[in-house]
Structure formats: structure tokens, C-alpha cells
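This report concerns only the one structure given below.
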Amino acid sequence: MLQLDYVAPTTADEAVRALGGGQAKVLAGGTDLLVQMRSGRVRPQRIVDLKRIPGLIGVREEAGGFVIGAATPGAVLGEHKALVKAWPGVVEAANLIGSTQVQGRASIAGNLCNASPAADSVPAIIAARAVAVVIGAKGRREVPVEAIAVAPGKTSLAPDEFVLEIRLPARPARAGDAYLRSIPRTEMDIAVVGAGVNLILNPDGGVAEAHVALGAVAPTALLVPEAGAAIIGSKLDEAALERLDAAARAACRPISDKRGTADYRIKIAGVLARRAAKIAYQRASEA
Ligand SMILES: Cc1cc2nc3c(=O)[nH]c(=O)nc-3n(C[C@H](O)[C@H](O)[C@H](O)COP(=O)(O)OP(=O)(O)OC[C@H]3O[C@@H](n4cnc5c(N)ncnc54)[C@H](O)[C@@H]3O)c2cc1C
């Protein structure tokens, strides 16, 4: 019989020690991990629950930015007024995950570390230029969130490492972000394509900074610098949106599966990037 050990450390260092020795899995909300264990896809010998480590559930403001504890459920993010105001796109992406019940548990760090190419919050936090603080036996390091997933279901984390927190940068005036996904149903489905856009505007309304990220169009979520560059200096006129659309489509390397063909995904990536950019622009104009 498979023996399963469950530990709930109360410090990060204890968690790192518990992860050492292999065959251990981190538990945050469990909305992916428990499903995968039930299906037999993963068979850890030890579960290391992060939720009792102080600071791992909750959001704090620091140096004008936000620090999201790695086990913070999506529902908590949606209740945090300052976070919603500063990063509406990140919060809307997190709040698209699953149902109300799932929202009570699912974390964005879990969404990131599960390494699904279609994870909803990941394009939004990549576009936000978020950083993951990773801790392990060799100490702490800060990693741009796009460097965590390396392939479907695989991360760049060492076996004794875990994500302690996600850091969102300080927000200047005239900044806005947005996330949109396409799914076959209205809810409770996996993105066929997801697009996150994060903009900062000049006082005259021109785009000063633009970050565009796409999900479900490659083995991992993609930061698409060419799509951001395509709209710099513009006021998001039709020509700029056309350049953005083309750059987003050019970055896609999707598969065809039962939820969409590769050609469909490429087309929709351009459409969603345009639409998310328009929403982010509107939000930035009003911020
Ligand atoms: C009914 C249902 C609907 C869903 N709908 C969606 C959806 O619409 N969109 C979507 O993107 N996802 C969806 N999911 C998937 C899942 O809810 C999300 O991926 C969720 O964000 C995972 O977070 P979690 O905290 O539950 O992670 P867990 O299940 O606890 O962990 C997921 C994986 O990441 C690892 N991990 C977790 N936290 C860390 C950490 N801090 N450091 C290192 N590794 C870590 C775990 O070991 C595990 O491998 C759905 C799941 C269910 C069951």
C-alpha cells in the first residue's frame, strides 16, 4: 500500500526541509493536486501543506506594489479593494478560475506552478511583470513569473524549492490591465486562448509601456514583446491594433485539440489581444 505522509509546517525553512528527499508535493489550495492524485497522474509520498506558514495566505502592500502569499485563494484577491483598483486584469483572471467553491481555495501560485499552458491567471501576471519569490535549500531567489513553467506540467523549480509569494510592481498613474479568455462555454472551462495586456500611458494618452502575454497557444504561457512594441507611442488607433493583432498571431505555436484547431487559436489570439488592449487602455485612461 502507498504510504502518504502529510505535513503542515509553520515556517518556510521547515517546508524546505520537508520537501527535501524527493517524492514530495507542495499543497496550496489542492484544486489541481488532489484531482491529479485521485486520477493517479501524480503519486507523491509526502504532501507539504503551505497554508499554516504565516503570510502565505493574504495580500500586503509594500513599496507601492502588492505581495500575494503563495496560498492565497482567488476569493481573497477579489475582496482586496486596493488590489482590484491597481490590477483589475490580474484579479479578473484569478477570479475566472473555476467556481465559487474552487475560488475559496485556488491560488495564483498554484495556477502558475501547475504549469498548464492554459492557466488563466498566468498571462495576466506575466503581462503585469510579476515576480515569484522562490525559496529552497540554497536560499531565496526572485524569478520573473514567465520563467517558472518550462513545459506542460513542468517547472524550473528544484525539488526542494517552492514559491513563497508573487510580487506585483507599484502602479504609476494612467496604468491599466485586462485579461480575456475564450472558452467553449460561459464558465467552468479551460481557456482555448487567453490574453493579458498591461499598459501605462503618457499624459497625452499615448502608450508609454505595453506588455502582452498569451495563454494556451504554446507549451507555456508567452510574453510577446513584439506585440507590446507594436502599440508603443500610439493611442491605440486601428493601425496600432492591427500591428498588435499580427504580432500576437505571429508568436503563437499552438496545438490542435478537441477544443480548437491551431488555426482557430492563432486567429483568436489576435482578436483577444486587441480586445484586452482596448479594455486596458480604457482603464488606464480613467486611472
Ligand atoms: C472544477 C475546477 C475548475 C477549474 N477551472 C479552472 C479555470 O477556469 N482556469 C484555470 O486556470 N484553472 C482551473 N482549474 C485548475 C485549478 O483550480 C487552478 O490551476 C488553481 O489555481 C490551482 O491552485 P491551487 O492553489 O489549488 O494549487 P494546488 O492544487 O495546491 O497545486 C497545483 C500544483 O502546483 C504546485 N504548487 C502549488 N503551490 C505551489 C507553490 N507555492 N510553490 C511550488 N509549487 C506549488 C503543487 O504541488 C501542484 O503541483 C480548475 C480546477 C477545478 C477542480
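In the C-alpha cells, chains take letters A, B, ... by order of appearance, with residues numbered from 1 within each chain and ligands from 1 in the order shown.
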- Task: Write as JSON, numbers by chain the residues around ligand 1, taking 6 Å as the cut-off and counting only C-alpha atoms and all ligand atoms.
- Result: {"A": [25, 26, 27, 28, 29, 30, 31, 32, 33, 70, 71, 96, 97, 98, 105, 106, 107, 108, 109, 110, 111, 113, 114, 119, 120, 162, 163, 164, 188, 189, 190]}
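The shell of residues at most 8 Å from segment 2-13 of chain A, with only C-alpha atoms counted and near chain neighbours (fewer than 4 positions) removed, consists of Arg17, Ala18, Pro44, Gln45, Arg46, Ile47, Val48, Asp49, Leu50, Lys51, Arg52, Ile53, Pro54, Ile135, Gly136 and Leu164 of chain A.
Nearest to Ala213 of chain A of all the residues A:Val145, A:Leu241, A:Ile126, A:Ala277 is A:Ile126, counting only C-alpha atoms.
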- Message: List the spatial neighbours of Val84 of chain A as an MDAnalysis selection string - criterion: any atom at most 12 Å away, only C-alpha atoms, same-chain residues fewer than 6 positions off excluded.
- Response: chainID A and resid 59 66 74:78 90:95 171 176:178 283
Keeping N, CA, C and O atoms, export the residues of the selection given above as a tab-separated table (two decimals), in the first residue's frame.
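Written output follows (result-v3.tsv):
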chain	number	residue	atom	x	y	z
A	59	VAL	N	-2.75	39.31	1.33
A	59	VAL	CA	-2.15	40.28	0.40
A	59	VAL	C	-1.64	41.44	1.25
A	59	VAL	O	-2.36	41.92	2.12
A	66	PHE	N	2.23	45.08	-4.54
A	66	PHE	CA	1.44	44.12	-3.76
A	66	PHE	C	2.21	42.81	-3.65
A	66	PHE	O	2.81	42.35	-4.63
A	74	GLY	N	-8.17	32.80	-4.66
A	74	GLY	CA	-8.67	33.83	-5.57
A	74	GLY	C	-9.74	34.70	-4.94
A	74	GLY	O	-9.79	35.91	-5.19
A	75	ALA	N	-10.58	34.10	-4.11
A	75	ALA	CA	-11.67	34.87	-3.48
A	75	ALA	C	-11.12	36.01	-2.63
A	75	ALA	O	-11.71	37.09	-2.57
A	76	VAL	N	-9.97	35.78	-1.99
A	76	VAL	CA	-9.36	36.82	-1.15
A	76	VAL	C	-8.87	37.98	-2.03
A	76	VAL	O	-9.01	39.15	-1.69
A	77	LEU	N	-8.35	37.65	-3.21
A	77	LEU	CA	-7.87	38.70	-4.12
A	77	LEU	C	-9.04	39.59	-4.55
A	77	LEU	O	-8.93	40.82	-4.59
A	78	GLY	N	-10.18	38.96	-4.86
A	78	GLY	CA	-11.35	39.70	-5.31
A	78	GLY	C	-11.93	40.63	-4.25
A	78	GLY	O	-12.62	41.59	-4.57
A	90	VAL	N	-5.39	41.32	-13.38
A	90	VAL	CA	-4.87	40.17	-12.63
A	90	VAL	C	-5.99	39.55	-11.80
A	90	VAL	O	-6.17	38.33	-11.79
A	91	VAL	N	-6.79	40.41	-11.15
A	91	VAL	CA	-7.85	39.88	-10.29
A	91	VAL	C	-8.93	39.21	-11.14
A	91	VAL	O	-9.43	38.14	-10.80
A	92	GLU	N	-9.28	39.81	-12.28
A	92	GLU	CA	-10.33	39.17	-13.09
A	92	GLU	C	-9.85	37.83	-13.64
A	92	GLU	O	-10.64	36.88	-13.76
A	93	ALA	N	-8.57	37.72	-13.94
A	93	ALA	CA	-8.03	36.44	-14.42
A	93	ALA	C	-8.10	35.39	-13.30
A	93	ALA	O	-8.56	34.26	-13.52
A	94	ALA	N	-7.69	35.78	-12.09
A	94	ALA	CA	-7.72	34.85	-10.96
A	94	ALA	C	-9.16	34.45	-10.65
A	94	ALA	O	-9.44	33.29	-10.32
A	95	ASN	N	-10.07	35.39	-10.79
A	95	ASN	CA	-11.47	35.12	-10.44
A	95	ASN	C	-12.23	34.36	-11.53
A	95	ASN	O	-13.39	34.00	-11.34
A	171	ARG	N	2.20	50.71	-9.10
A	171	ARG	CA	1.42	51.17	-10.25
A	171	ARG	C	1.53	52.69	-10.38
A	171	ARG	O	1.15	53.42	-9.46
A	176	GLY	N	-3.29	50.56	-16.66
A	176	GLY	CA	-4.45	49.67	-16.64
A	176	GLY	C	-4.10	48.32	-17.23
A	176	GLY	O	-3.19	48.21	-18.07
A	177	ASP	N	-4.78	47.28	-16.76
A	177	ASP	CA	-4.54	45.95	-17.34
A	177	ASP	C	-5.87	45.24	-17.55
A	177	ASP	O	-6.92	45.69	-17.05
A	178	ALA	N	-5.83	44.16	-18.31
A	178	ALA	CA	-7.06	43.39	-18.60
A	178	ALA	C	-6.66	41.97	-19.00
A	178	ALA	O	-5.56	41.74	-19.52
A	283	ARG	N	-9.16	51.53	-19.10
A	283	ARG	CA	-8.89	51.57	-17.65
A	283	ARG	C	-7.75	52.53	-17.34
A	283	ARG	O	-7.81	53.28	-16.36
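You will find atom CA of Ala15 of chain A at 20.3 Å from atom CA of Arg167 of chain A.
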- Task: Just the residues within 10 Å of Arg243 of chain A, please, counting only C-alpha atoms, with nothing from its chain fewer than 3 positions along; format it as a PyMOL selection string.
- Result: chain A and resi 226-231+238-240+246-249+270+274
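For Ile125 of chain A, the residues within 9 Å (counting only C-alpha atoms, excluding itself and residues fewer than 2 positions away along the chain) are Gly89, Val90, Ala93, Ile108, Ser121, Val122, Pro123, Ala127, Ala128, Arg129, Ala130, Val131, Val145, Glu146, Ile166, Leu168, Gly196 and Ala213 of chain A.
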Would you put the residues from that selection into a file with N, CA and C atoms, as a PDB file, in the first residue's frame?
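Final file, result_34.pdb:
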ATOM      1  N   GLY A  89      -7.024  43.500 -14.069  1.00  0.00           N
ATOM      2  CA  GLY A  89      -6.840  42.383 -15.008  1.00  0.00           C
ATOM      3  C   GLY A  89      -6.326  41.134 -14.307  1.00  0.00           C
ATOM      4  N   VAL A  90      -5.393  41.322 -13.381  1.00  0.00           N
ATOM      5  CA  VAL A  90      -4.869  40.172 -12.628  1.00  0.00           C
ATOM      6  C   VAL A  90      -5.993  39.553 -11.803  1.00  0.00           C
ATOM      7  N   ALA A  93      -8.566  37.725 -13.944  1.00  0.00           N
ATOM      8  CA  ALA A  93      -8.029  36.440 -14.421  1.00  0.00           C
ATOM      9  C   ALA A  93      -8.104  35.395 -13.304  1.00  0.00           C
ATOM     10  N   ILE A 108      -3.101  31.737  -7.154  1.00  0.00           N
ATOM     11  CA  ILE A 108      -2.428  32.009  -8.426  1.00  0.00           C
ATOM     12  C   ILE A 108      -1.046  31.352  -8.464  1.00  0.00           C
ATOM     13  N   SER A 121      -4.647  32.696 -14.760  1.00  0.00           N
ATOM     14  CA  SER A 121      -4.017  33.877 -14.146  1.00  0.00           C
ATOM     15  C   SER A 121      -2.623  34.139 -14.709  1.00  0.00           C
ATOM     16  N   VAL A 122      -2.049  33.158 -15.394  1.00  0.00           N
ATOM     17  CA  VAL A 122      -0.636  33.278 -15.765  1.00  0.00           C
ATOM     18  C   VAL A 122      -0.369  34.367 -16.823  1.00  0.00           C
ATOM     19  N   PRO A 123      -1.135  34.433 -17.935  1.00  0.00           N
ATOM     20  CA  PRO A 123      -0.883  35.554 -18.865  1.00  0.00           C
ATOM     21  C   PRO A 123      -1.056  36.911 -18.183  1.00  0.00           C
ATOM     22  N   ALA A 127       1.928  39.600 -17.966  1.00  0.00           N
ATOM     23  CA  ALA A 127       1.764  40.958 -18.514  1.00  0.00           C
ATOM     24  C   ALA A 127       2.009  42.006 -17.423  1.00  0.00           C
ATOM     25  N   ALA A 128       1.650  41.659 -16.179  1.00  0.00           N
ATOM     26  CA  ALA A 128       1.855  42.595 -15.054  1.00  0.00           C
ATOM     27  C   ALA A 128       3.331  42.715 -14.677  1.00  0.00           C
ATOM     28  N   ARG A 129       4.187  41.895 -15.254  1.00  0.00           N
ATOM     29  CA  ARG A 129       5.624  41.812 -14.940  1.00  0.00           C
ATOM     30  C   ARG A 129       5.825  41.416 -13.473  1.00  0.00           C
ATOM     31  N   ALA A 130       5.016  40.467 -13.047  1.00  0.00           N
ATOM     32  CA  ALA A 130       5.104  39.966 -11.672  1.00  0.00           C
ATOM     33  C   ALA A 130       6.355  39.108 -11.499  1.00  0.00           C
ATOM     34  N   VAL A 131       6.783  39.031 -10.255  1.00  0.00           N
ATOM     35  CA  VAL A 131       7.965  38.244  -9.908  1.00  0.00           C
ATOM     36  C   VAL A 131       7.555  37.221  -8.853  1.00  0.00           C
ATOM     37  N   VAL A 145       7.777  35.665 -13.454  1.00  0.00           N
ATOM     38  CA  VAL A 145       6.830  34.542 -13.428  1.00  0.00           C
ATOM     39  C   VAL A 145       6.832  33.718 -14.715  1.00  0.00           C
ATOM     40  N   GLU A 146       7.206  34.340 -15.842  1.00  0.00           N
ATOM     41  CA  GLU A 146       7.209  33.580 -17.103  1.00  0.00           C
ATOM     42  C   GLU A 146       8.305  32.518 -17.139  1.00  0.00           C
ATOM     43  N   ILE A 166       4.012  36.006  -4.680  1.00  0.00           N
ATOM     44  CA  ILE A 166       4.011  36.645  -6.005  1.00  0.00           C
ATOM     45  C   ILE A 166       4.009  38.151  -5.750  1.00  0.00           C
ATOM     46  N   LEU A 168       3.635  41.944  -7.261  1.00  0.00           N
ATOM     47  CA  LEU A 168       3.171  42.797  -8.364  1.00  0.00           C
ATOM     48  C   LEU A 168       3.784  44.177  -8.158  1.00  0.00           C
ATOM     49  N   GLY A 196      -3.516  38.553 -21.820  1.00  0.00           N
ATOM     50  CA  GLY A 196      -3.366  39.574 -20.782  1.00  0.00           C
ATOM     51  C   GLY A 196      -2.620  40.772 -21.363  1.00  0.00           C
ATOM     52  N   ALA A 213       0.725  39.206 -22.979  1.00  0.00           N
ATOM     53  CA  ALA A 213       1.035  37.787 -22.757  1.00  0.00           C
ATOM     54  C   ALA A 213      -0.143  36.942 -23.228  1.00  0.00           C
TER      55      ALA A 213
END
- Give me the residues within 12 Å of Lys138 of chain A as a list in words, counting only C-alpha atoms and dropping any in the same chain fewer than 6 places off. Asp13, Val16, Arg17, Gly20, Leu157, Ala158, Pro159, Asp160, Glu161 and Phe162 of chain A
Would you put the residues from that selection into a file with N, CA, C and O atoms, as a PDB file, in the first residue's frame?
ATOM      1  N   ASP A  13      11.337  27.629   6.217  1.00  0.00           N
ATOM      2  CA  ASP A  13      12.517  26.758   6.283  1.00  0.00           C
ATOM      3  C   ASP A  13      12.122  25.307   6.571  1.00  0.00           C
ATOM      4  O   ASP A  13      12.680  24.369   6.001  1.00  0.00           O
ATOM      5  N   VAL A  16      10.893  23.838   3.402  1.00  0.00           N
ATOM      6  CA  VAL A  16      12.002  23.474   2.504  1.00  0.00           C
ATOM      7  C   VAL A  16      12.587  22.128   2.939  1.00  0.00           C
ATOM      8  O   VAL A  16      12.832  21.243   2.111  1.00  0.00           O
ATOM      9  N   ARG A  17      12.790  21.960   4.258  1.00  0.00           N
ATOM     10  CA  ARG A  17      13.352  20.679   4.754  1.00  0.00           C
ATOM     11  C   ARG A  17      12.397  19.525   4.446  1.00  0.00           C
ATOM     12  O   ARG A  17      12.818  18.446   4.041  1.00  0.00           O
ATOM     13  N   GLY A  20      12.731  18.375   0.872  1.00  0.00           N
ATOM     14  CA  GLY A  20      13.966  17.676   0.531  1.00  0.00           C
ATOM     15  C   GLY A  20      13.745  16.174   0.632  1.00  0.00           C
ATOM     16  O   GLY A  20      12.844  15.713   1.318  1.00  0.00           O
ATOM     17  N   LEU A 157      11.484  24.900 -10.935  1.00  0.00           N
ATOM     18  CA  LEU A 157      11.789  24.815  -9.501  1.00  0.00           C
ATOM     19  C   LEU A 157      12.546  23.523  -9.184  1.00  0.00           C
ATOM     20  O   LEU A 157      12.218  22.454  -9.705  1.00  0.00           O
ATOM     21  N   ALA A 158      13.548  23.625  -8.292  1.00  0.00           N
ATOM     22  CA  ALA A 158      14.227  22.424  -7.799  1.00  0.00           C
ATOM     23  C   ALA A 158      13.262  21.687  -6.860  1.00  0.00           C
ATOM     24  O   ALA A 158      12.318  22.293  -6.332  1.00  0.00           O
ATOM     25  N   PRO A 159      13.508  20.374  -6.628  1.00  0.00           N
ATOM     26  CA  PRO A 159      12.558  19.621  -5.783  1.00  0.00           C
ATOM     27  C   PRO A 159      12.358  20.212  -4.387  1.00  0.00           C
ATOM     28  O   PRO A 159      11.276  20.075  -3.808  1.00  0.00           O
ATOM     29  N   ASP A 160      13.387  20.889  -3.852  1.00  0.00           N
ATOM     30  CA  ASP A 160      13.230  21.455  -2.500  1.00  0.00           C
ATOM     31  C   ASP A 160      12.775  22.918  -2.531  1.00  0.00           C
ATOM     32  O   ASP A 160      12.775  23.583  -1.496  1.00  0.00           O
ATOM     33  N   GLU A 161      12.413  23.425  -3.700  1.00  0.00           N
ATOM     34  CA  GLU A 161      12.003  24.832  -3.795  1.00  0.00           C
ATOM     35  C   GLU A 161      10.485  24.973  -3.892  1.00  0.00           C
ATOM     36  O   GLU A 161       9.802  24.088  -4.433  1.00  0.00           O
ATOM     37  N   PHE A 162       9.996  26.093  -3.404  1.00  0.00           N
ATOM     38  CA  PHE A 162       8.602  26.437  -3.655  1.00  0.00           C
ATOM     39  C   PHE A 162       8.455  27.944  -3.786  1.00  0.00           C
ATOM     40  O   PHE A 162       9.367  28.707  -3.408  1.00  0.00           O
TER      41      PHE A 162
END
- Task: Work out how far atom CA of Pro88 of chain A is from atom CA of Ala170 of chain A, in Å to one decimal.
- Result: 13.7 Å
- Task: List every residue of segment 33-239 of chain A that DSSP, applied to the backbone, labels as strand (DSSP E or B), and write the result as JSON, numbers by chain.
- Result: {"A": [46, 47, 48, 49, 59, 60, 61, 62, 65, 66, 67, 68, 69, 73, 107, 131, 132, 133, 134, 135, 136, 139, 140, 141, 142, 143, 144, 149, 150, 151, 154, 155, 162, 163, 164, 165, 166, 167, 168, 175, 176, 177, 178, 179, 180, 181, 182, 193, 194, 195, 196, 197, 198, 199, 200, 201, 207, 208, 209, 210, 211, 212, 213, 214, 215, 222, 223]}
- Message: To one decimal place in Å, what is the distance between atom CA of Ala250 of chain A and atom CA of Glu209 of chain A?
- Response: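 If I compute the distance from atom CA of Ala250 of chain A to atom CA of Glu209 of chain A, I get 20.4 Å.
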- Item | Contacts of segment 199-208 of chain A within 8 Å, only C-alpha atoms, excl. fewer than 4 positions in-chain, as an NGL selection string | :A and (172-177 or 231-236 or 277 or 280-281 or 284-285)
May I have the selected residues written with all heavy atoms, as a CSV table (one decimal), in the first residue's frame?
chain,number,residue,atom,x,y,z
A,172,PRO,N,2.0,53.2,-11.5
A,172,PRO,CA,2.0,54.6,-11.7
A,172,PRO,C,0.6,55.1,-12.1
A,172,PRO,O,-0.3,54.3,-12.3
A,172,PRO,CB,3.0,54.8,-12.9
A,172,PRO,CG,2.9,53.5,-13.6
A,172,PRO,CD,2.6,52.5,-12.7
A,173,ALA,N,0.5,56.4,-12.2
A,173,ALA,CA,-0.8,57.0,-12.8
A,173,ALA,C,-1.0,56.5,-14.2
A,173,ALA,O,0.0,56.1,-14.9
A,173,ALA,CB,-0.8,58.5,-12.7
A,174,ARG,N,-2.2,56.5,-14.7
A,174,ARG,CA,-2.5,56.2,-16.1
A,174,ARG,C,-2.0,54.8,-16.5
A,174,ARG,O,-1.4,54.6,-17.5
A,174,ARG,CB,-1.9,57.2,-17.1
A,174,ARG,CG,-2.6,58.6,-16.9
A,174,ARG,CD,-2.0,59.6,-17.9
A,174,ARG,NE,-0.6,59.9,-17.6
A,174,ARG,CZ,-0.2,60.7,-16.7
A,174,ARG,NH1,-1.1,61.4,-16.0
A,174,ARG,NH2,1.0,60.9,-16.4
A,175,ALA,N,-2.3,53.8,-15.6
A,175,ALA,CA,-1.9,52.4,-15.9
A,175,ALA,C,-3.2,51.6,-15.8
A,175,ALA,O,-4.1,51.8,-15.0
A,175,ALA,CB,-0.9,51.9,-14.8
A,176,GLY,N,-3.3,50.6,-16.7
A,176,GLY,CA,-4.5,49.7,-16.6
A,176,GLY,C,-4.1,48.3,-17.2
A,176,GLY,O,-3.2,48.2,-18.1
A,177,ASP,N,-4.8,47.3,-16.8
A,177,ASP,CA,-4.5,46.0,-17.3
A,177,ASP,C,-5.9,45.2,-17.5
A,177,ASP,O,-6.9,45.7,-17.0
A,177,ASP,CB,-3.6,45.1,-16.5
A,177,ASP,CG,-4.2,44.7,-15.2
A,177,ASP,OD1,-5.1,45.4,-14.6
A,177,ASP,OD2,-3.8,43.6,-14.6
A,231,ILE,N,2.4,48.7,-30.2
A,231,ILE,CA,1.5,49.8,-29.9
A,231,ILE,C,2.1,50.9,-29.1
A,231,ILE,O,1.4,51.9,-28.8
A,231,ILE,CB,0.3,49.2,-29.1
A,231,ILE,CG1,0.7,48.4,-27.9
A,231,ILE,CG2,-0.6,48.4,-30.0
A,231,ILE,CD1,-0.5,48.0,-27.0
A,232,ILE,N,3.4,50.8,-28.9
A,232,ILE,CA,4.1,51.9,-28.1
A,232,ILE,C,4.0,53.2,-29.0
A,232,ILE,O,4.2,53.2,-30.2
A,232,ILE,CB,5.6,51.6,-27.9
A,232,ILE,CG1,5.8,50.4,-27.0
A,232,ILE,CG2,6.3,52.8,-27.3
A,232,ILE,CD1,5.5,50.6,-25.6
A,233,GLY,N,3.7,54.3,-28.3
A,233,GLY,CA,3.6,55.6,-29.0
A,233,GLY,C,2.2,55.9,-29.6
A,233,GLY,O,1.9,57.0,-29.9
A,234,SER,N,1.4,54.8,-29.7
A,234,SER,CA,0.1,55.0,-30.4
A,234,SER,C,-1.0,55.4,-29.3
A,234,SER,O,-0.7,55.3,-28.1
A,234,SER,CB,-0.3,53.7,-31.1
A,234,SER,OG,-0.9,52.8,-30.1
A,235,LYS,N,-2.1,55.8,-29.8
A,235,LYS,CA,-3.3,56.0,-28.9
A,235,LYS,C,-4.3,54.8,-29.2
A,235,LYS,O,-5.5,55.0,-29.1
A,235,LYS,CB,-3.9,57.3,-29.1
A,235,LYS,CG,-3.0,58.5,-28.6
A,235,LYS,CD,-3.7,59.8,-28.7
A,235,LYS,CE,-2.7,60.8,-28.1
A,235,LYS,NZ,-3.1,62.2,-28.4
A,236,LEU,N,-3.7,53.7,-29.6
A,236,LEU,CA,-4.5,52.5,-29.9
A,236,LEU,C,-5.5,52.7,-31.0
A,236,LEU,O,-6.6,52.3,-31.0
A,236,LEU,CB,-5.2,52.0,-28.6
A,236,LEU,CG,-5.0,50.5,-28.3
A,236,LEU,CD1,-3.6,50.1,-28.3
A,236,LEU,CD2,-5.7,50.2,-27.0
A,277,ALA,N,-6.4,44.8,-25.0
A,277,ALA,CA,-5.7,46.1,-25.1
A,277,ALA,C,-6.7,47.3,-25.0
A,277,ALA,O,-6.4,48.2,-24.3
A,277,ALA,CB,-4.9,46.1,-26.4
A,280,ALA,N,-7.7,47.5,-21.4
A,280,ALA,CA,-6.6,48.1,-20.6
A,280,ALA,C,-6.4,49.5,-20.8
A,280,ALA,O,-6.2,50.3,-19.9
A,280,ALA,CB,-5.4,47.3,-20.9
A,281,TYR,N,-6.6,49.9,-22.1
A,281,TYR,CA,-6.4,51.4,-22.5
A,281,TYR,C,-7.5,52.2,-21.8
A,281,TYR,O,-7.2,53.3,-21.2
A,281,TYR,CB,-6.5,51.5,-24.0
A,281,TYR,CG,-6.1,52.9,-24.5
A,281,TYR,CD1,-4.8,53.2,-24.7
A,281,TYR,CD2,-7.1,53.9,-24.7
A,281,TYR,CE1,-4.4,54.5,-25.1
A,281,TYR,CE2,-6.7,55.1,-25.1
A,281,TYR,CZ,-5.4,55.4,-25.3
A,281,TYR,OH,-5.0,56.7,-25.7
A,284,ALA,N,-6.7,52.5,-18.2
A,284,ALA,CA,-5.6,53.4,-17.9
A,284,ALA,C,-6.0,54.8,-18.1
A,284,ALA,O,-5.5,55.7,-17.4
A,284,ALA,CB,-4.4,53.0,-18.9
A,285,SER,N,-6.8,55.1,-19.1
A,285,SER,CA,-7.3,56.5,-19.3
A,285,SER,C,-8.1,57.0,-18.1
A,285,SER,O,-8.1,58.2,-17.9
A,285,SER,CB,-8.2,56.6,-20.5
A,285,SER,OG,-7.6,55.9,-21.6
- In terms of the shortest atom-to-atom distance over only C-alpha atoms, which of A:Lys267, A:Ala276, A:Ile255, A:Thr261 is closest to Ala210 of chain A?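 That would be A:Ala276, the residue with the smallest distance to Ala210 of chain A.
Across A:Ile183, A:Gly69, A:Val224, A:His80, the tightest approach to Ala132 of chain A is made by A:Gly69 when counting only C-alpha atoms.
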